[in-house]
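Structure file my_file.json (JSON, C-alpha atoms and all ligand atoms) is printed below.
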```json
[["chain", "number", "residue", "atom", "x", "y", "z"],
["A", 244, "MET", "CA", -104.47, 115.19, 84.32],
["A", 245, "LYS", "CA", -103.60, 111.85, 82.69],
["A", 246, "GLU", "CA", -103.92, 111.93, 78.89],
["A", 247, "PRO", "CA", -105.90, 109.09, 77.31],
["A", 248, "GLU", "CA", -103.78, 106.49, 75.50],
["A", 249, "ARG", "CA", -105.75, 105.74, 72.37],
["A", 250, "LEU", "CA", -109.24, 106.08, 70.90],
["A", 251, "THR", "CA", -111.48, 103.09, 71.58],
["A", 252, "PRO", "CA", -112.78, 101.47, 68.36],
["A", 253, "GLN", "CA", -116.20, 103.04, 69.08],
["A", 254, "GLN", "CA", -114.68, 106.50, 69.49],
["A", 255, "PHE", "CA", -112.60, 105.97, 66.36],
["A", 256, "GLU", "CA", -115.77, 105.18, 64.44],
["A", 257, "LEU", "CA", -117.37, 108.46, 65.58],
["A", 258, "PHE", "CA", -114.33, 110.51, 64.52],
["A", 259, "GLN", "CA", -114.03, 108.49, 61.30],
["A", 260, "LYS", "CA", -117.61, 109.29, 60.32],
["A", 261, "PHE", "CA", -117.20, 112.95, 61.27],
["A", 262, "ILE", "CA", -114.00, 113.30, 59.18],
["A", 263, "TYR", "CA", -115.67, 111.50, 56.29],
["A", 264, "ASP", "CA", -118.74, 113.75, 56.35],
["A", 265, "ARG", "CA", -116.59, 116.88, 56.57],
["A", 266, "CYS", "CA", -113.72, 116.14, 54.17],
["A", 267, "GLY", "CA", -114.58, 112.97, 52.24],
["A", 268, "ILE", "CA", -111.53, 111.26, 53.73],
["A", 269, "LYS", "CA", -112.20, 107.68, 54.85],
["A", 270, "ILE", "CA", -109.60, 106.79, 57.47],
["A", 271, "ASP", "CA", -109.09, 103.07, 57.97],
["A", 272, "LEU", "CA", -109.13, 101.47, 61.45],
["A", 273, "SER", "CA", -105.47, 100.51, 60.90],
["A", 274, "LYS", "CA", -104.67, 104.24, 61.37],
["A", 275, "ILE", "CA", -106.20, 104.33, 64.88],
["A", 276, "THR", "CA", -102.86, 105.06, 66.61],
["A", 277, "LEU", "CA", -101.98, 107.84, 64.16],
["A", 278, "VAL", "CA", -105.42, 109.47, 64.49],
["A", 279, "SER", "CA", -105.30, 109.10, 68.31],
["A", 280, "ASN", "CA", -101.90, 110.82, 68.41],
["A", 281, "ARG", "CA", -103.03, 113.67, 66.22],
["A", 282, "ILE", "CA", -106.21, 114.26, 68.23],
["A", 283, "ARG", "CA", -104.39, 113.89, 71.57],
["A", 284, "ARG", "CA", -102.24, 116.92, 70.68],
["A", 285, "ARG", "CA", -105.40, 119.01, 70.41],
["A", 286, "LEU", "CA", -106.86, 118.03, 73.83],
["A", 287, "GLN", "CA", -104.85, 120.40, 76.00],
["A", 288, "PRO", "CA", -105.11, 123.51, 73.74],
["A", 289, "SER", "CA", -108.89, 123.03, 73.61],
["A", 290, "ASN", "CA", -109.25, 122.33, 77.34],
["A", 291, "CYS", "CA", -110.73, 118.88, 76.81],
["A", 292, "ALA", "CA", -109.92, 116.17, 79.33],
["A", 293, "ASP", "CA", -110.49, 113.22, 77.02],
["A", 294, "PHE", "CA", -111.44, 112.13, 73.49],
["A", 295, "ALA", "CA", -115.17, 111.96, 74.26],
["A", 296, "THR", "CA", -115.22, 115.57, 75.52],
["A", 297, "TYR", "CA", -113.22, 116.65, 72.49],
["A", 298, "TYR", "CA", -115.66, 114.94, 70.12],
["A", 299, "ARG", "CA", -118.62, 116.67, 71.80],
["A", 300, "PHE", "CA", -116.78, 119.98, 71.59],
["A", 301, "ILE", "CA", -115.87, 119.92, 67.88],
["A", 302, "THR", "CA", -119.32, 118.72, 66.89],
["A", 303, "SER", "CA", -120.99, 121.57, 68.81],
["A", 304, "LYS", "CA", -121.48, 125.17, 67.67],
["A", 305, "LEU", "CA", -118.96, 126.36, 70.28],
["A", 306, "GLY", "CA", -116.26, 124.21, 68.70],
["A", 307, "ALA", "CA", -116.27, 125.92, 65.29],
["A", 308, "ILE", "CA", -112.80, 127.45, 65.75],
["A", 309, "GLU", "CA", -111.31, 124.24, 67.12],
["A", 310, "LEU", "CA", -112.82, 122.37, 64.18],
["A", 311, "VAL", "CA", -110.43, 124.26, 61.88],
["A", 312, "GLU", "CA", -107.48, 123.10, 64.02],
["A", 313, "PHE", "CA", -108.83, 119.56, 64.04],
["A", 314, "ILE", "CA", -109.02, 119.41, 60.23],
["A", 315, "ASP", "CA", -105.47, 120.80, 60.05],
["A", 316, "ALA", "CA", -104.30, 118.08, 62.43],
["A", 317, "ILE", "CA", -105.94, 115.29, 60.43],
["A", 318, "THR", "CA", -104.90, 116.25, 56.90],
["A", 319, "THR", "CA", -101.50, 115.43, 55.35],
["A", 320, "ASN", "CA", -99.97, 118.53, 53.81],
["A", 321, "GLU", "CA", -96.69, 117.25, 52.38],
["A", 322, "THR", "CA", -95.74, 119.09, 49.16],
["A", 323, "SER", "CA", -92.79, 120.71, 47.37],
["A", 324, "PHE", "CA", -91.94, 122.99, 44.45],
["A", 325, "PHE", "CA", -92.11, 121.31, 41.02],
["A", 326, "ARG", "CA", -93.23, 118.04, 42.58],
["A", 327, "THR", "CA", -93.45, 115.51, 39.72],
["A", 328, "GLN", "CA", -91.39, 117.52, 37.22],
["A", 329, "SER", "CA", -93.00, 115.91, 34.17],
["A", 330, "ASN", "CA", -96.29, 117.70, 34.94],
["A", 331, "PHE", "CA", -94.54, 121.07, 34.91],
["A", 332, "GLU", "CA", -92.55, 120.20, 31.78],
["A", 333, "TRP", "CA", -95.85, 119.55, 29.99],
["A", 334, "PHE", "CA", -97.28, 122.82, 31.30],
["A", 335, "LYS", "CA", -94.26, 124.90, 30.30],
["A", 336, "ASN", "CA", -93.13, 123.20, 27.10],
["A", 337, "VAL", "CA", -96.40, 121.99, 25.58],
["A", 338, "TYR", "CA", -99.43, 123.71, 27.12],
["A", 339, "ILE", "CA", -98.21, 127.32, 26.94],
["A", 340, "GLY", "CA", -97.27, 126.76, 23.28],
["A", 341, "GLU", "CA", -100.78, 125.43, 22.60],
["A", 342, "LEU", "CA", -102.32, 128.48, 24.27],
["A", 343, "LEU", "CA", -100.22, 130.83, 22.14],
["A", 344, "ARG", "CA", -101.08, 128.97, 18.92],
["A", 345, "ASP", "CA", -104.80, 129.00, 19.74],
["A", 346, "LYS", "CA", -104.62, 132.72, 20.41],
["A", 347, "ALA", "CA", -102.73, 133.34, 17.13],
["A", 348, "ASP", "CA", -105.41, 131.35, 15.25],
["A", 349, "ALA", "CA", -108.13, 133.44, 16.94],
["A", 350, "ARG", "CA", -109.43, 130.29, 18.66],
["A", 351, "ARG", "CA", -109.15, 131.80, 22.13],
["A", 352, "GLU", "CA", -108.94, 135.09, 24.00],
["A", 353, "PRO", "CA", -105.72, 136.02, 25.82],
["A", 354, "ASN", "CA", -107.07, 134.83, 29.19],
["A", 355, "LEU", "CA", -105.89, 131.91, 31.30],
["A", 356, "ARG", "CA", -107.37, 130.55, 34.52],
["A", 357, "VAL", "CA", -105.54, 127.83, 36.45],
["A", 358, "TRP", "CA", -106.77, 126.14, 39.64],
["A", 359, "SER", "CA", -104.54, 124.25, 42.02],
["A", 360, "ALA", "CA", -107.19, 122.25, 43.89],
["A", 361, "ALA", "CA", -105.72, 121.14, 47.27],
["A", 362, "CYS", "CA", -102.69, 123.42, 47.06],
["A", 363, "SER", "CA", -101.46, 122.83, 50.64],
["A", 364, "SER", "CA", -98.84, 125.50, 51.53],
["A", 365, "GLY", "CA", -98.72, 126.91, 48.00],
["A", 366, "GLU", "CA", -95.72, 125.26, 46.37],
["A", 367, "GLU", "CA", -97.84, 123.83, 43.51],
["A", 368, "PRO", "CA", -99.58, 127.06, 42.38],
["A", 369, "TYR", "CA", -96.37, 129.05, 42.86],
["A", 370, "SER", "CA", -94.50, 126.54, 40.64],
["A", 371, "ILE", "CA", -97.23, 127.07, 38.02],
["A", 372, "ALA", "CA", -96.75, 130.85, 38.40],
["A", 373, "MET", "CA", -92.98, 130.44, 37.84],
["A", 374, "CYS", "CA", -93.61, 128.51, 34.60],
["A", 375, "LEU", "CA", -95.87, 131.33, 33.41],
["A", 376, "ALA", "CA", -93.40, 134.02, 34.52],
["A", 377, "GLU", "CA", -90.75, 132.34, 32.36],
["A", 378, "ALA", "CA", -93.05, 132.77, 29.37],
["A", 379, "SER", "CA", -93.89, 136.36, 30.26],
["A", 380, "VAL", "CA", -92.63, 137.76, 26.94],
["A", 381, "PRO", "CA", -94.88, 135.69, 24.62],
["A", 382, "LEU", "CA", -97.69, 135.95, 27.18],
["A", 383, "ARG", "CA", -97.49, 139.75, 27.36],
["A", 384, "GLY", "CA", -101.00, 141.22, 27.37],
["A", 385, "TRP", "CA", -102.61, 138.04, 28.71],
["A", 386, "THR", "CA", -104.83, 138.10, 31.79],
["A", 387, "ILE", "CA", -103.63, 135.26, 33.99],
["A", 388, "GLN", "CA", -105.41, 134.08, 37.11],
["A", 389, "ILE", "CA", -104.08, 131.32, 39.36],
["A", 390, "LEU", "CA", -106.19, 130.11, 42.27],
["A", 391, "GLY", "CA", -104.97, 127.83, 45.06],
["A", 392, "THR", "CA", -107.55, 126.24, 47.37],
["A", 393, "ASP", "CA", -107.32, 123.90, 50.33],
["A", 394, "ILE", "CA", -109.41, 122.71, 53.26],
["A", 395, "SER", "CA", -106.59, 123.39, 55.74],
["A", 396, "GLU", "CA", -106.52, 126.96, 57.04],
["A", 397, "SER", "CA", -103.02, 126.63, 58.48],
["A", 398, "SER", "CA", -101.69, 125.47, 55.09],
["A", 399, "LEU", "CA", -103.38, 128.43, 53.42],
["A", 400, "LYS", "CA", -101.74, 130.78, 55.90],
["A", 401, "LEU", "CA", -98.34, 129.34, 55.02],
["A", 402, "ALA", "CA", -99.21, 129.73, 51.33],
["A", 403, "ARG", "CA", -100.17, 133.38, 51.79],
["A", 404, "ASP", "CA", -97.03, 134.09, 53.86],
["A", 405, "ALA", "CA", -94.90, 132.41, 51.15],
["A", 406, "VAL", "CA", -91.81, 131.82, 53.31],
["A", 407, "TYR", "CA", -90.21, 128.45, 52.69],
["A", 408, "ARG", "CA", -87.40, 126.12, 53.73],
["A", 409, "LYS", "CA", -84.80, 124.87, 51.28],
["A", 410, "ARG", "CA", -85.97, 121.25, 51.62],
["A", 411, "THR", "CA", -89.14, 122.03, 49.61],
["A", 412, "MET", "CA", -86.98, 123.21, 46.67],
["A", 413, "GLN", "CA", -85.10, 120.04, 45.82],
["A", 414, "GLU", "CA", -86.39, 120.12, 42.24],
["A", 415, "MET", "CA", -85.07, 123.66, 41.70],
["A", 416, "ASP", "CA", -81.49, 124.52, 40.77],
["A", 417, "ASP", "CA", -79.66, 127.29, 42.64],
["A", 418, "ALA", "CA", -80.12, 129.86, 39.86],
["A", 419, "LYS", "CA", -83.88, 129.34, 39.94],
["A", 420, "VAL", "CA", -83.98, 129.55, 43.74],
["A", 421, "ARG", "CA", -82.08, 132.86, 43.62],
["A", 422, "ARG", "CA", -84.34, 134.18, 40.86],
["A", 423, "TYR", "CA", -87.55, 133.57, 42.78],
["A", 424, "PHE", "CA", -86.60, 133.85, 46.47],
["A", 425, "SER", "CA", -84.66, 136.13, 48.75],
["A", 426, "GLU", "CA", -82.92, 134.30, 51.58],
["A", 427, "ASP", "CA", -82.99, 135.84, 55.04],
["A", 428, "ARG", "CA", -80.45, 135.40, 57.84],
["A", 429, "SER", "CA", -82.37, 132.58, 59.50],
["A", 430, "GLY", "CA", -82.11, 130.48, 56.35],
["A", 431, "GLU", "CA", -85.71, 131.00, 55.27],
["A", 432, "PHE", "CA", -86.64, 131.85, 51.71],
["A", 433, "GLN", "CA", -89.14, 134.59, 51.01],
["A", 434, "LEU", "CA", -90.92, 134.26, 47.66],
["A", 435, "ARG", "CA", -90.44, 137.38, 45.53],
["A", 436, "PRO", "CA", -93.54, 139.59, 45.11],
["A", 437, "THR", "CA", -93.64, 139.14, 41.30],
["A", 438, "ILE", "CA", -94.57, 135.47, 41.78],
["A", 439, "LYS", "CA", -96.47, 135.87, 45.06],
["A", 440, "GLN", "CA", -98.93, 138.34, 43.59],
["A", 441, "MET", "CA", -99.79, 136.00, 40.71],
["A", 442, "VAL", "CA", -101.61, 133.54, 43.00],
["A", 443, "LYS", "CA", -104.79, 134.02, 45.05],
["A", 444, "PHE", "CA", -105.78, 131.59, 47.80],
["A", 445, "LYS", "CA", -109.18, 130.55, 49.10],
["A", 446, "HIS", "CA", -110.53, 128.05, 51.60],
["A", 447, "HIS", "CA", -112.47, 125.30, 49.84],
["A", 448, "ASN", "CA", -113.65, 121.75, 50.45],
["A", 449, "LEU", "CA", -113.37, 119.71, 47.23],
["A", 450, "MET", "CA", -116.52, 117.81, 48.19],
["A", 451, "LYS", "CA", -118.44, 120.96, 47.31],
["A", 452, "PRO", "CA", -118.75, 122.88, 44.03],
["A", 453, "LEU", "CA", -116.33, 125.83, 43.89],
["A", 454, "GLY", "CA", -118.82, 128.39, 42.58],
["A", 455, "GLU", "CA", -116.36, 130.31, 40.38],
["A", 456, "ALA", "CA", -116.03, 130.80, 36.64],
["A", 457, "PRO", "CA", -114.59, 127.67, 34.96],
["A", 458, "PHE", "CA", -110.86, 127.05, 34.60],
["A", 459, "ASP", "CA", -108.64, 126.21, 31.62],
["A", 460, "CYS", "CA", -106.43, 123.92, 33.64],
["A", 461, "ILE", "CA", -107.04, 122.20, 36.99],
["A", 462, "TRP", "CA", -104.38, 120.43, 39.05],
["A", 463, "LEU", "CA", -105.60, 117.62, 41.32],
["A", 464, "ARG", "CA", -102.58, 115.91, 42.79],
["A", 465, "ASN", "CA", -101.78, 113.85, 45.89],
["A", 466, "VAL", "CA", -105.05, 114.49, 47.63],
["A", 467, "LEU", "CA", -107.56, 111.72, 46.96],
["A", 468, "ILE", "CA", -105.46, 108.84, 48.26],
["A", 469, "TYR", "CA", -107.54, 108.54, 51.48],
["A", 470, "PHE", "CA", -110.90, 109.25, 49.84],
["A", 471, "ASP", "CA", -113.31, 106.36, 49.22],
["A", 472, "ARG", "CA", -114.81, 105.83, 45.75],
["A", 473, "GLU", "CA", -117.99, 107.73, 46.46],
["A", 474, "SER", "CA", -116.07, 110.81, 47.63],
["A", 475, "LYS", "CA", -113.60, 110.59, 44.74],
["A", 476, "ALA", "CA", -116.51, 110.50, 42.29],
["A", 477, "LYS", "CA", -118.06, 113.57, 43.94],
["A", 478, "VAL", "CA", -114.75, 115.49, 43.72],
["A", 479, "ILE", "CA", -114.29, 114.53, 40.06],
["A", 480, "GLU", "CA", -117.85, 115.59, 39.24],
["A", 481, "ASN", "CA", -117.24, 118.99, 40.89],
["A", 482, "LEU", "CA", -113.92, 119.50, 39.12],
["A", 483, "VAL", "CA", -115.08, 118.46, 35.67],
["A", 484, "ARG", "CA", -117.94, 120.92, 36.03],
["A", 485, "SER", "CA", -115.35, 123.64, 36.78],
["A", 486, "LEU", "CA", -113.37, 122.90, 33.62],
["A", 487, "VAL", "CA", -113.95, 124.79, 30.35],
["A", 488, "CYS", "CA", -114.51, 122.75, 27.19],
["A", 489, "GLY", "CA", -111.03, 121.98, 25.87],
["A", 490, "GLY", "CA", -109.60, 122.46, 29.40],
["A", 491, "TYR", "CA", -107.11, 120.08, 31.02],
["A", 492, "LEU", "CA", -107.11, 118.12, 34.27],
["A", 493, "VAL", "CA", -103.66, 117.27, 35.64],
["A", 494, "VAL", "CA", -103.98, 114.22, 37.90],
["A", 495, "GLY", "CA", -101.52, 113.02, 40.55],
["A", 496, "PRO", "CA", -100.09, 109.49, 40.56],
["A", 497, "SER", "CA", -101.99, 108.30, 43.65],
["A", 498, "GLU", "CA", -105.47, 109.70, 43.04],
["A", 499, "GLY", "CA", -106.92, 106.34, 41.98],
["A", 500, "VAL", "CA", -109.52, 107.94, 39.72],
["A", 501, "TYR", "CA", -108.41, 106.78, 36.27],
["A", 502, "ASP", "CA", -111.53, 104.64, 35.81],
["A", 503, "MET", "CA", -113.76, 107.59, 36.77],
["A", 504, "LEU", "CA", -112.55, 109.93, 34.04],
["A", 505, "GLY", "CA", -114.44, 108.38, 31.13],
["A", 506, "MET", "CA", -116.10, 111.72, 30.33],
["A", 507, "LEU", "CA", -112.64, 113.19, 29.57],
["A", 508, "GLN", "CA", -110.20, 112.40, 26.77],
["A", 509, "LYS", "CA", -106.95, 110.83, 28.01],
["A", 510, "ARG", "CA", -104.00, 112.84, 26.67],
["A", 511, "GLY", "CA", -101.14, 111.33, 28.69],
["A", 512, "THR", "CA", -100.43, 109.31, 31.84],
["A", 513, "PHE", "CA", -101.41, 112.23, 34.08],
["A", 514, "LEU", "CA", -103.38, 114.37, 31.65],
["A", 515, "TYR", "CA", -107.08, 114.51, 30.70],
["A", 516, "GLN", "CA", -108.96, 116.94, 28.46],
["A", 517, "LYS", "CA", -112.62, 117.93, 28.46],
["A", 518, "GLN", "CA", -114.06, 117.82, 24.95],
["B", 1, "LIG", "C1", -100.42, 116.08, 50.21],
["B", 1, "LIG", "S1", -101.14, 117.66, 49.96],
["B", 1, "LIG", "C2", -100.97, 117.84, 48.19],
["B", 1, "LIG", "C3", -100.47, 119.21, 47.81],
["B", 1, "LIG", "C4", -100.16, 119.38, 46.32],
["B", 1, "LIG", "N1", -101.34, 119.22, 45.51],
["B", 1, "LIG", "C5", -99.08, 118.44, 45.86],
["B", 1, "LIG", "O1", -99.34, 117.53, 45.06],
["B", 1, "LIG", "O2", -97.94, 118.57, 46.32],
["B", 1, "LIG", "C6", -102.89, 117.25, 50.13],
["B", 1, "LIG", "C7", -103.74, 118.45, 50.48],
["B", 1, "LIG", "O3", -105.12, 118.10, 50.31],
["B", 1, "LIG", "C8", -105.87, 118.85, 51.25],
["B", 1, "LIG", "N2", -107.21, 118.26, 51.40],
["B", 1, "LIG", "C9", -107.57, 117.09, 51.99],
["B", 1, "LIG", "N3", -108.89, 116.92, 51.92],
["B", 1, "LIG", "C10", -109.39, 117.99, 51.25],
["B", 1, "LIG", "C11", -110.70, 118.39, 50.86],
["B", 1, "LIG", "N4", -111.78, 117.65, 51.14],
["B", 1, "LIG", "N5", -110.84, 119.56, 50.18],
["B", 1, "LIG", "C12", -109.76, 120.33, 49.90],
["B", 1, "LIG", "N6", -108.50, 120.01, 50.26],
["B", 1, "LIG", "C13", -108.32, 118.85, 50.92],
["B", 1, "LIG", "C14", -105.01, 118.77, 52.52],
["B", 1, "LIG", "O4", -105.33, 119.79, 53.43],
["B", 1, "LIG", "C15", -103.59, 118.90, 51.94],
["B", 1, "LIG", "O5", -103.13, 120.22, 51.99]]
```

Spit out the file's structure as structure tokens when you get a sec.
Amino acid sequence: MKEPERLTPQQFELFQKFIYDRCGIKIDLSKITLVSNRIRRRLQPSNCADFATYYRFITSKLGAIELVEFIDAITTNETSFFRTQSNFEWFKNVYIGELLRDKADARREPNLRVWSAACSSGEEPYSIAMCLAEASVPLRGWTIQILGTDISESSLKLARDAVYRKRTMQEMDDAKVRRYFSEDRSGEFQLRPTIKQMVKFKHHNLMKPLGEAPFDCIWLRNVLIYFDRESKAKVIENLVRSLVCGGYLVVGPSEGVYDMLGMLQKRGTFLYQKQ
């Protein structure tokens, strides 16, 4: 069976609309080759002879399982531990101190809820957990909950397995790597249970409300780059609703939402607070 070369512009438009409706990601026509390549890889495993058959399949009830694979194939899941160090320096050196002061002044209970929205394979929420583990003495007695969510099931599986390659740890020195991982003979690094058990993972599409109790701190980084303005606004509305009053939103450098955050107080280049 000869594989099709590339989506026609009409087929691209169908997939583009489908991806947009599902994930909020608006893929430009200039990415037609990339999208064609990613979909082509799914044709054989799903027994589809061509793009048109594949489209009919994933948009039908029977294609529900393949739809998960399709979304995995389309999304970009690049991430690493302590990506954009300055965000983690703020969290560790400023935010935790603020939490402790507020608790000492009886302005808050010893509870903390952090949400890594679009956590990919888990490096972001686990880096947050490491910052909190390093403050475990002053935070003794606190109830800490860290949630990682993503639309990609395969990324969430990697996050739950918590086995990593060294290349995702470039921002960590050797002592830190040894503290938090055990290396096996194949050169893979297993995250130690003390950190692993601090984070829970859940499948979630940011275009929808999360439906959980609000969070003290939400991380939204390196995810909205391919979203159009309407979708970005929807995501921001959902996230701001999930933030407690006084809570912080940590925003990535490429989100392109700075002009949509007027309802929050700007506290730094990447940091916004709900009043
Ligand atoms: C590049 S990774 C960013 C990971 C991490 N936040 C970081 O900054 O390193 C982007 C993630 O966004 C996820 N994503 C894309 N669209 C999404 C949506 N509508 N809802 C939830 N997650 C989404 C992708 O599956 C991917 O894992």

Problem set entry | ligand LIG 1 (chain B) neighbours within 8 Å using all atoms listed in the file, as a count of residues only | 40

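If you look at CA of Asn280 (chain A) and CA of Lys409 (chain A), they are 28.0 Å away from each other.
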
For the interface of region 456-508 of chain A with region 342-351 of chain A (cut-off 12 Å, counting all atoms listed in the file), please tabulate each contacting residue of region 456-508 of chain A alongside its nearest pair of atoms and their separation in Å to one decimal, rows sorted by chain and increasing number, as JSON lines.
```
{"residue": "A:Asp459", "atom": "CA", "partner": "A:Leu342", "partner_atom": "CA", "distance": 10.0}
{"residue": "A:Cys460", "atom": "CA", "partner": "A:Leu342", "partner_atom": "CA", "distance": 11.2}
{"residue": "A:Val487", "atom": "CA", "partner": "A:Arg351", "partner_atom": "CA", "distance": 11.8}
{"residue": "A:Cys488", "atom": "CA", "partner": "A:Arg351", "partner_atom": "CA", "distance": 11.7}
{"residue": "A:Gly489", "atom": "CA", "partner": "A:Arg351", "partner_atom": "CA", "distance": 10.7}
{"residue": "A:Gly490", "atom": "CA", "partner": "A:Leu342", "partner_atom": "CA", "distance": 10.7}
{"residue": "A:Tyr491", "atom": "CA", "partner": "A:Leu342", "partner_atom": "CA", "distance": 11.8}
```

For this session: Please indicate the distance in Å from CA of Leu355 (chain A) to CA of Gly511 (chain A), rounded to one decimal place.
Result: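 Straight-line distance from CA of Leu355 (chain A) to CA of Gly511 (chain A) works out to 21.3 Å.
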
Exercise. Looking at A:Val406, A:Glu352, A:Gln516, A:Val442, which one is nearest to Ser425 (chain A), with distances taken over all atoms listed in the file?
Worked result: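 Checking each of A:Val406, A:Glu352, A:Gln516, A:Val442 against Ser425 (chain A), counting all atoms listed in the file, the winner is A:Val406.
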
For this session: Counting only C-alpha atoms, select every polymer residue within 9 Å of (-111.4, 123.1, 68.6) as defined in the file's coordinates, and provide the selection as an MDAnalysis selection string.
Result: chainID A and resid 285:286 288:289 297 300:301 305:313

Problem set entry | Which residue of A:Ile262, A:Phe432, A:Trp358, A:Asp502 approaches Arg472 (chain A) most closely, using all atoms listed in the file |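 Smallest distance to Arg472 (chain A) is found for A:Asp502.
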
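Across the structure, CA of Leu434 (chain A) and CA of Trp385 (chain A) are spaced 22.6 Å apart.
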
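With distances restricted to all atoms listed in the file, A:Tyr298 is the closest residue to Phe261 (chain A) from A:Arg484, A:Tyr298, A:Arg283, A:Pro247.
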
For this session: Go through A:Pro436, A:Phe470, A:Leu375, A:Ala295 one by one, measure the shortest atom-to-atom distance of each to Tyr338 (chain A) using only C-alpha atoms, and give the residue with the smallest value.
Result: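 When distances to Tyr338 (chain A) are compared using only C-alpha atoms, the smallest one comes from A:Leu375.
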
For this session: Between A:Lys451, A:Leu399, A:Met415, A:Gln508, single out the one closest to Leu482 (chain A), counting all atoms listed in the file.
Result: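 Distance minimum relative to Leu482 (chain A) lands on A:Lys451.
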
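Across A:Tyr469, A:Phe458, A:Phe513, A:Tyr369, the tightest approach to Arg403 (chain A) is made by A:Tyr369 when counting only C-alpha atoms.
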
For this session: May I have the residues within 7 Å of Met441 (chain A) as JSON, numbers by chain, using only C-alpha atoms and disregarding those fewer than 4 positions away in the same chain?
Result: {"A": [372, 388, 389, 437]}
